[in-house]
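A.B. asks: Please see the structure below; I have some questions.
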Amino acid sequence: MTKDVSKRRRQSFSKVRKFPPEEDLAYPIKLPSTRGLGRSINKTGVSRAPVRPTQRQGKLSTIQPIVSESRQKELNQLALSVHYLQTQLPKEIRAAGFSRTAPVYEIEDLSGSPGVIRKKSQKKTCPIDGKPGSAYVHCVEGVDNVGDATHMLSYSWKYAIGDIIDTLVDFCDKNDKNPKRTYVWICCLCINQHRVVKQTMLEEKGTVETETVDFLSLFGDRVTSIGTIVAMMAPWSAPTYLTRVWCVFEIYTAYQKGCNIIIAMPPAQTKALEKDLLFGNNPKTDNLDRLYEVLASTKVQNAKATFEKDRIAILDIVKVNPGYAILNNRVNELLRGWIRGVITQLVAKKEAKRAIQTQSLWSRYFLCGLIQVWRDIRYANFCHLVGVLLNNNEENDAALESIHKAKSIRENTRGENHPDVALSLSIIGIILYSKGDYDASLEAHERALKIRQSALGKNHLDTATSHRQIGAALEAKGLYQQSLDEHRKALAIRRAQLKGENHEAIGESYGSISSVMEEMGDYDSAIEHCRKAIAIRETCNGHNHPDTASLYGILGSQLFNKGNYDGALEETRKALAIEENILGKDHTDTAASINNIGMILKAKGDLEGALVEYERALAVFESYQRKYPEALEAYRKGLKIKQAVLGPDHPDVATSYNNIGSVLHEMGRFDEAVEEHKKALKIREEVYGANHYKLVGSYNNIGGALQSKGDYEGALDALRTSLDITEATLGKRTPEAKELLDKIYWLLRATA
């Protein structure tokens with residue numbers, strides 16, 4: 001849907017820079033101390049607390065090897081072939097009385113007597129330490145069954161063993177790999193579980209036999225030496241993987257080490273995804289929304305572990321290096337790439353199937369026309385949902401192409417004035433709005449409105465939606481009175497149809513009207529409607545909700561602009577309390593609200609109080625700023641990957657140049673920042689043309705870096721070019737144009 005203007009974050013009454021997430025790789029990691037263990041000295045000479053080993057990999061139990069270091073490394077790298085996992089392991093599992101649906105922790109319960117894994121290896125002498133009991137993998141022979149690891153599986157012990165096997169077999173099939181020569185390192189089968197159990201028992205008694213292993217280094221070395229990680233996601237709509245602290249840490253470590261990461265699903269889950277999302281007569285979006293919510297809320301600090309000491313140890317490491325926000329953002333980035341890949345595969349599969357059906361003689365000459373129309377309608381639904389998926393994944397251009405395809409099919413099968421065509425036009429308008437093309441967005445929404453009024457009636461809720469979307473586009477164009485009229489029409493329909501005030505749609509309309517009123521300078525009306533929106537939002541979503549906090553922040557801004565500083569302070573503190581509760585005290589959004597409180601106190605004349613709040617906000621921002629050198633390294637690594645995969649002139653490569661330039665700007669390296677932003681600009685010019693709105697961001701960034709350098713004339717040239725493009729593409733009365741005029745005005749004053 002169109003970004004609701006009532007949800008816009010107005011967290012600062014002046015510009016507050018939010019530092020982007022960066023990686024912190026430069027300094028040694030201080031691991032947490034552990035009961036009963038002494039401290040060791042690492043190679044850098046930094047005192048480091050060793051971490052107790054546990055049942056998962058890095059997670060190796062302590063051992064005294066009887067073989068050379070090189071031989072020990074070879075033995076630790078042994079892994080089972082997919083062929084063995086498919087043919088032999090299931091036999092042993094069935095013989096032990098388990099089914100395919102049994103999770104790993106059931107077939108090998110480390111708190112009980114030996115299960116499938118330890119029973120096979122309990123009489124085998126370990127080739128590493130010479131003691132009874134080996135890793136499962138050391139009991140297997142034959143080149144078709146065991147060999148040097150080619151892949152590492154990252155998974156949860158909660159996964160069913162049958163799903164794990166199916167995932168790996170499907171992985172080989174899809175990637176044309178020989179199952180007899182694809183050797184997968186799986187911790188439960190390749191770690192000596194006898195030593196893990198013994199170590200755990202010793203820890204419970206408060207004693208250990210030998211020095212404990214630094215599991216972070218071991219895991220990093222193993223990931224690097226194997227090189228490819230297969231991360232298993234199941235179920236598709238709410239992956240267990242994302243709730244396990246080791247899984248999230250593993251996938252990030254692989255990313256940090258520059259390893260190849262492949263996200264895979266069991267075939268049954270792939271089919272479920274297709275059925276639930278894409279191939280039904282009524283495509284379901286609830287599951288999709290839930291998946292995106294899961295991805296958006298991926299937080300390693302909330303993940304669980306079998307043993308609490310694992311969770312504490314990992315979180316203590318992550319908190320220092322790279323930091324929760326950075327790890328969560330990187331994992332989220334990988335998962336969005338996975339969704340993009342899944343969508344691409346499904347599109348190719350569906351289009352190939354449709355091509356065969358369309359070309360077949362049976363379809364063309366023997367099936368009745370109604371069946372073919374039914375198939376076309378299903379395909380249009382498919383294209384529509386793919387477009388929604390891509391738009392949610394911020395793939396705007398691809399989304400637009402898919403929705404246009406759905407619209408074309410719907411026009412041919414159902415007529416140009418069918419409500420489904422209006423739905424396609426509505427989504428097209430939303431995408432165009434997000435791209436900043438407000439004129440085209442307005443045109444699409446007006447066409448959708450006309451169809452809905454004719455087909456559904458002037459008082460239908462979908463008609464109200466079109467009025468609201470038209471209002472948002474008009475507001476963006478600076479046509480405030482027309483915008484207000486449309487929002488009032490939407491509100492009137494919703495109030496009549498929904499029979500009551502306490503509905504989210506009505507609250508949405510109040511918020512939209514409040515925003516337009518504020519733009520028109522009518523603060524009393526803006527505040528009145530904003531309070532109504534807050535009351536409904538709290539009734540529908542509760543007090544401690546991000547949308548409620550956003551509205552409190554907006555209300556605080558409106559009161560501040562009116563000059564009611566006491567009221568602004570009260571509402572902004574409400575927003576801050578919710579943000580601290582939901583996001584935490586160290587989040588940049590929270591810091592922005594703290595900064596706003598400082599500004600209000602300053603306006604009230606309480607300079608000492610303002611200083612305290614400013615220092616609180618600054619402490620959060622500086623904690624991000626210290627990581628800029630590591631962020632630069634991470635962005636440059638990402639640039640190399642994108643150049644290799646996408647080519648040197650892809651828009652995503654331009655984005656990487658932009659990110660590098662932004663970090664260099666924050667580091668005070670202004671000349672280098674300008675060069676990186678110019679590289680981004682050059683690519684965007686070649687892809688989009690010299691007068692496309694996509695170039696505005698690059699010109700703004702160049703101008704900002706030149707201004708920071710003190711080159712005001714150069715900055716003015718860049719900003720004037722940006723203004724010319726903005727006025728030509730969006731219009732002269734748009735908020736974007738006004739913001740640029742303000743920047744140019746202050747620069748001219750600085751040079752006067």
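By order of appearance in the structure tokens: chains A, B, ..., then residues from 1 within every chain, and ligands from 1 in the order shown.
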So that I can check the secondary structure, give me every residue of stretch 464-713 of chain A assigned alpha helix (DSSP H) by backbone DSSP, as a PyMOL selection string.
C.D. replies: chain A and resi 464-476+480-498+504-519+523-541+546-562+565-582+588-604+607-625+628-646+651-666+670-688+696-709+712-713
A.B. asks: Compile the contact shell of A:Glu571 as a list in words: residues with an atom at most 12 Å away, counting only C-alpha atoms, same-chain residues fewer than 6 positions apart removed.
C.D. replies: Gln11, Ile527, Cys530, Arg531, Ile534, Thr548, Ala549, Ser550, Leu551, Tyr552, Gly553, Ile554, Leu555, Gly556, Ser557, Gln558, Leu559, Phe560, Asn564, Tyr565, Ala577, Ile578, Ser593, Asn596, Ile597 and Ile600 of chain A
A.B. asks: Write out the residues from the selection above, keeping N, CA and C atoms, as an mmCIF file, in the first residue's frame.
C.D. replies:
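New file selection21.cif:
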```
data_model
loop_
_atom_site.group_PDB
_atom_site.id
_atom_site.type_symbol
_atom_site.label_atom_id
_atom_site.label_comp_id
_atom_site.auth_asym_id
_atom_site.auth_seq_id
_atom_site.Cartn_x
_atom_site.Cartn_y
_atom_site.Cartn_z
ATOM 1 N N GLN A 11 11.144 12.362 13.519
ATOM 2 C CA GLN A 11 11.764 12.167 14.825
ATOM 3 C C GLN A 11 12.610 13.356 15.247
ATOM 4 N N ILE A 527 -3.376 18.937 14.986
ATOM 5 C CA ILE A 527 -3.243 18.323 16.314
ATOM 6 C C ILE A 527 -4.525 17.583 16.684
ATOM 7 N N CYS A 530 -4.661 14.381 14.699
ATOM 8 C CA CYS A 530 -3.603 13.466 15.134
ATOM 9 C C CYS A 530 -3.987 12.780 16.440
ATOM 10 N N ARG A 531 -4.596 13.517 17.351
ATOM 11 C CA ARG A 531 -5.036 12.912 18.616
ATOM 12 C C ARG A 531 -6.107 11.848 18.357
ATOM 13 N N ILE A 534 -4.318 8.765 17.152
ATOM 14 C CA ILE A 534 -3.637 8.079 18.255
ATOM 15 C C ILE A 534 -4.628 7.255 19.070
ATOM 16 N N THR A 548 2.081 3.600 17.112
ATOM 17 C CA THR A 548 1.643 4.527 18.159
ATOM 18 C C THR A 548 2.769 5.491 18.511
ATOM 19 N N ALA A 549 3.977 4.965 18.636
ATOM 20 C CA ALA A 549 5.131 5.824 18.932
ATOM 21 C C ALA A 549 5.336 6.848 17.824
ATOM 22 N N SER A 550 5.175 6.406 16.574
ATOM 23 C CA SER A 550 5.337 7.312 15.438
ATOM 24 C C SER A 550 4.349 8.473 15.512
ATOM 25 N N LEU A 551 3.094 8.163 15.839
ATOM 26 C CA LEU A 551 2.079 9.216 15.928
ATOM 27 C C LEU A 551 2.354 10.173 17.087
ATOM 28 N N TYR A 552 2.835 9.630 18.201
ATOM 29 C CA TYR A 552 3.201 10.518 19.311
ATOM 30 C C TYR A 552 4.332 11.460 18.886
ATOM 31 N N GLY A 553 5.283 10.940 18.130
ATOM 32 C CA GLY A 553 6.366 11.781 17.645
ATOM 33 C C GLY A 553 5.865 12.874 16.722
ATOM 34 N N ILE A 554 4.927 12.514 15.829
ATOM 35 C CA ILE A 554 4.333 13.503 14.922
ATOM 36 C C ILE A 554 3.570 14.568 15.707
ATOM 37 N N LEU A 555 2.796 14.136 16.706
ATOM 38 C CA LEU A 555 2.050 15.083 17.525
ATOM 39 C C LEU A 555 2.997 16.025 18.259
ATOM 40 N N GLY A 556 4.102 15.475 18.765
ATOM 41 C CA GLY A 556 5.093 16.327 19.422
ATOM 42 C C GLY A 556 5.654 17.369 18.472
ATOM 43 N N SER A 557 5.899 16.966 17.217
ATOM 44 C CA SER A 557 6.411 17.897 16.214
ATOM 45 C C SER A 557 5.405 19.011 15.937
ATOM 46 N N GLN A 558 4.132 18.651 15.831
ATOM 47 C CA GLN A 558 3.103 19.656 15.557
ATOM 48 C C GLN A 558 2.974 20.651 16.710
ATOM 49 N N LEU A 559 3.005 20.153 17.935
ATOM 50 C CA LEU A 559 2.921 21.034 19.102
ATOM 51 C C LEU A 559 4.142 21.942 19.181
ATOM 52 N N PHE A 560 5.307 21.396 18.843
ATOM 53 C CA PHE A 560 6.542 22.190 18.842
ATOM 54 C C PHE A 560 6.437 23.330 17.833
ATOM 55 N N ASN A 564 3.854 25.216 21.473
ATOM 56 C CA ASN A 564 3.424 24.613 22.737
ATOM 57 C C ASN A 564 4.503 23.630 23.184
ATOM 58 N N TYR A 565 5.557 24.165 23.826
ATOM 59 C CA TYR A 565 6.710 23.342 24.150
ATOM 60 C C TYR A 565 6.419 22.329 25.250
ATOM 61 N N ALA A 577 9.361 6.649 25.424
ATOM 62 C CA ALA A 577 9.124 5.516 26.329
ATOM 63 C C ALA A 577 8.779 4.258 25.545
ATOM 64 N N ILE A 578 7.953 4.407 24.514
ATOM 65 C CA ILE A 578 7.591 3.244 23.692
ATOM 66 C C ILE A 578 8.814 2.735 22.933
ATOM 67 N N SER A 593 14.696 10.594 19.240
ATOM 68 C CA SER A 593 13.678 11.157 20.125
ATOM 69 C C SER A 593 14.311 11.865 21.315
ATOM 70 N N ASN A 596 15.341 15.141 20.150
ATOM 71 C CA ASN A 596 14.190 16.036 20.038
ATOM 72 C C ASN A 596 13.823 16.646 21.390
ATOM 73 N N ILE A 597 13.897 15.824 22.433
ATOM 74 C CA ILE A 597 13.605 16.331 23.777
ATOM 75 C C ILE A 597 14.605 17.426 24.147
ATOM 76 N N ILE A 600 13.562 20.596 22.466
ATOM 77 C CA ILE A 600 12.410 21.228 23.128
ATOM 78 C C ILE A 600 12.862 21.951 24.398
#
```
A.B. asks: Tell me which protein, DNA and RNA residues are within 12 Å of A:Phe98, counting only C-alpha atoms, leaving out same-chain ones fewer than 4 positions away, and put them as a list in words.
C.D. replies: Leu89, Pro90, Lys91, Glu92, Ile93, Arg94, Ala102, Pro103, Val104, Tyr105, Glu106, Ile107, Glu108, Gly115, Val116, Ala160, Ile161 and Gly162 of chain A
A.B. asks: Could you work out how far atom CA of A:Gln469 lies from atom CA of A:Ile339, giving the answer in Å with one decimal?
C.D. replies: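 According to the coordinates, atom CA of A:Ile339 and atom CA of A:Gln469 are separated by 27.9 Å.
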A.B. asks: Just the residues within 12 Å of A:Gly731, please, counting only C-alpha atoms, with nothing from its chain fewer than 6 positions along; format it as a PyMOL selection string.
C.D. replies: chain A and resi 436-439+474-479+693+723-725+737-738
A.B. asks: Of the candidates A:Gly337, A:Pro546, A:Gly563, A:Gly457, which one gets nearest to A:Leu583 if we count only C-alpha atoms?
C.D. replies: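 When distances to A:Leu583 are compared using only C-alpha atoms, the smallest one comes from A:Pro546.
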A.B. asks: Please list as a tab-separated table (two decimals) with all heavy atoms, in the first residue's frame every residue within 8 Å of stretch 667-671 of chain A, counting only C-alpha atoms and excluding residues in the same chain fewer than 5 positions away.
C.D. replies:
```tsv
chain	number	residue	atom	x	y	z
A	628	TYR	N	33.08	3.07	11.71
A	628	TYR	CA	33.14	3.42	10.29
A	628	TYR	C	34.26	2.72	9.52
A	628	TYR	O	34.04	2.29	8.39
A	628	TYR	CB	33.28	4.93	10.13
A	628	TYR	CG	31.97	5.66	10.30
A	628	TYR	CD1	31.89	6.85	11.01
A	628	TYR	CD2	30.80	5.15	9.76
A	628	TYR	CE1	30.69	7.51	11.18
A	628	TYR	CE2	29.59	5.80	9.93
A	628	TYR	CZ	29.55	6.98	10.64
A	628	TYR	OH	28.36	7.62	10.81
A	705	ALA	N	29.11	16.37	0.44
A	705	ALA	CA	30.54	16.16	0.69
A	705	ALA	C	31.34	17.41	0.36
A	705	ALA	O	32.27	17.79	1.09
A	705	ALA	CB	31.03	14.97	-0.13
A	706	LEU	N	31.00	18.08	-0.74
A	706	LEU	CA	31.71	19.31	-1.11
A	706	LEU	C	31.45	20.41	-0.09
A	706	LEU	O	32.36	21.19	0.24
A	706	LEU	CB	31.26	19.75	-2.51
A	706	LEU	CG	31.74	18.86	-3.67
A	706	LEU	CD1	31.06	19.28	-4.96
A	706	LEU	CD2	33.26	18.93	-3.81
A	708	SER	N	30.83	19.95	3.13
A	708	SER	CA	31.63	19.62	4.31
A	708	SER	C	33.10	19.94	4.10
A	708	SER	O	33.82	20.30	5.04
A	708	SER	CB	31.46	18.13	4.64
A	708	SER	OG	30.12	17.83	4.97
A	709	LYS	N	33.54	19.83	2.87
A	709	LYS	CA	34.93	20.14	2.52
A	709	LYS	C	35.19	21.64	2.52
A	709	LYS	O	36.34	22.09	2.63
A	709	LYS	CB	35.24	19.54	1.14
A	709	LYS	CG	36.65	19.77	0.63
A	709	LYS	CD	36.78	19.27	-0.79
A	709	LYS	CE	38.15	19.64	-1.37
A	709	LYS	NZ	38.26	19.25	-2.79
```
A.B. asks: Report, in Å to a single decimal, how far apart atom CA of A:Val245 and atom CA of A:Lys304 are.
C.D. replies: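 Separation of atom CA of A:Lys304 and atom CA of A:Val245: 5.4 Å.
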A.B. asks: Got a sec: who's within 8 Å of A:Tyr183, counting only C-alpha atoms, leaving out chain neighbours fewer than 6 positions off, as a PyMOL selection string?
C.D. replies: chain A and resi 79-82+146-151
A.B. asks: Just the selected residues (C-alpha atoms), exported as a PDB file, in the first residue's frame, please.
C.D. replies:
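Listing of out-v2.pdb after writing:
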```
ATOM      1  CA  ALA A  79      32.055 -35.249   6.061  1.00  0.00           C
ATOM      2  CA  LEU A  80      29.352 -37.633   4.885  1.00  0.00           C
ATOM      3  CA  SER A  81      28.185 -37.762   1.281  1.00  0.00           C
ATOM      4  CA  VAL A  82      24.607 -36.880   0.392  1.00  0.00           C
ATOM      5  CA  VAL A 146      32.824 -40.081   3.172  1.00  0.00           C
ATOM      6  CA  GLY A 147      35.356 -37.485   2.060  1.00  0.00           C
ATOM      7  CA  ASP A 148      36.716 -33.987   2.588  1.00  0.00           C
ATOM      8  CA  ALA A 149      33.857 -31.587   3.270  1.00  0.00           C
ATOM      9  CA  THR A 150      32.615 -29.636   0.257  1.00  0.00           C
ATOM     10  CA  HIS A 151      29.730 -27.986   2.102  1.00  0.00           C
TER      11      HIS A 151
END
```
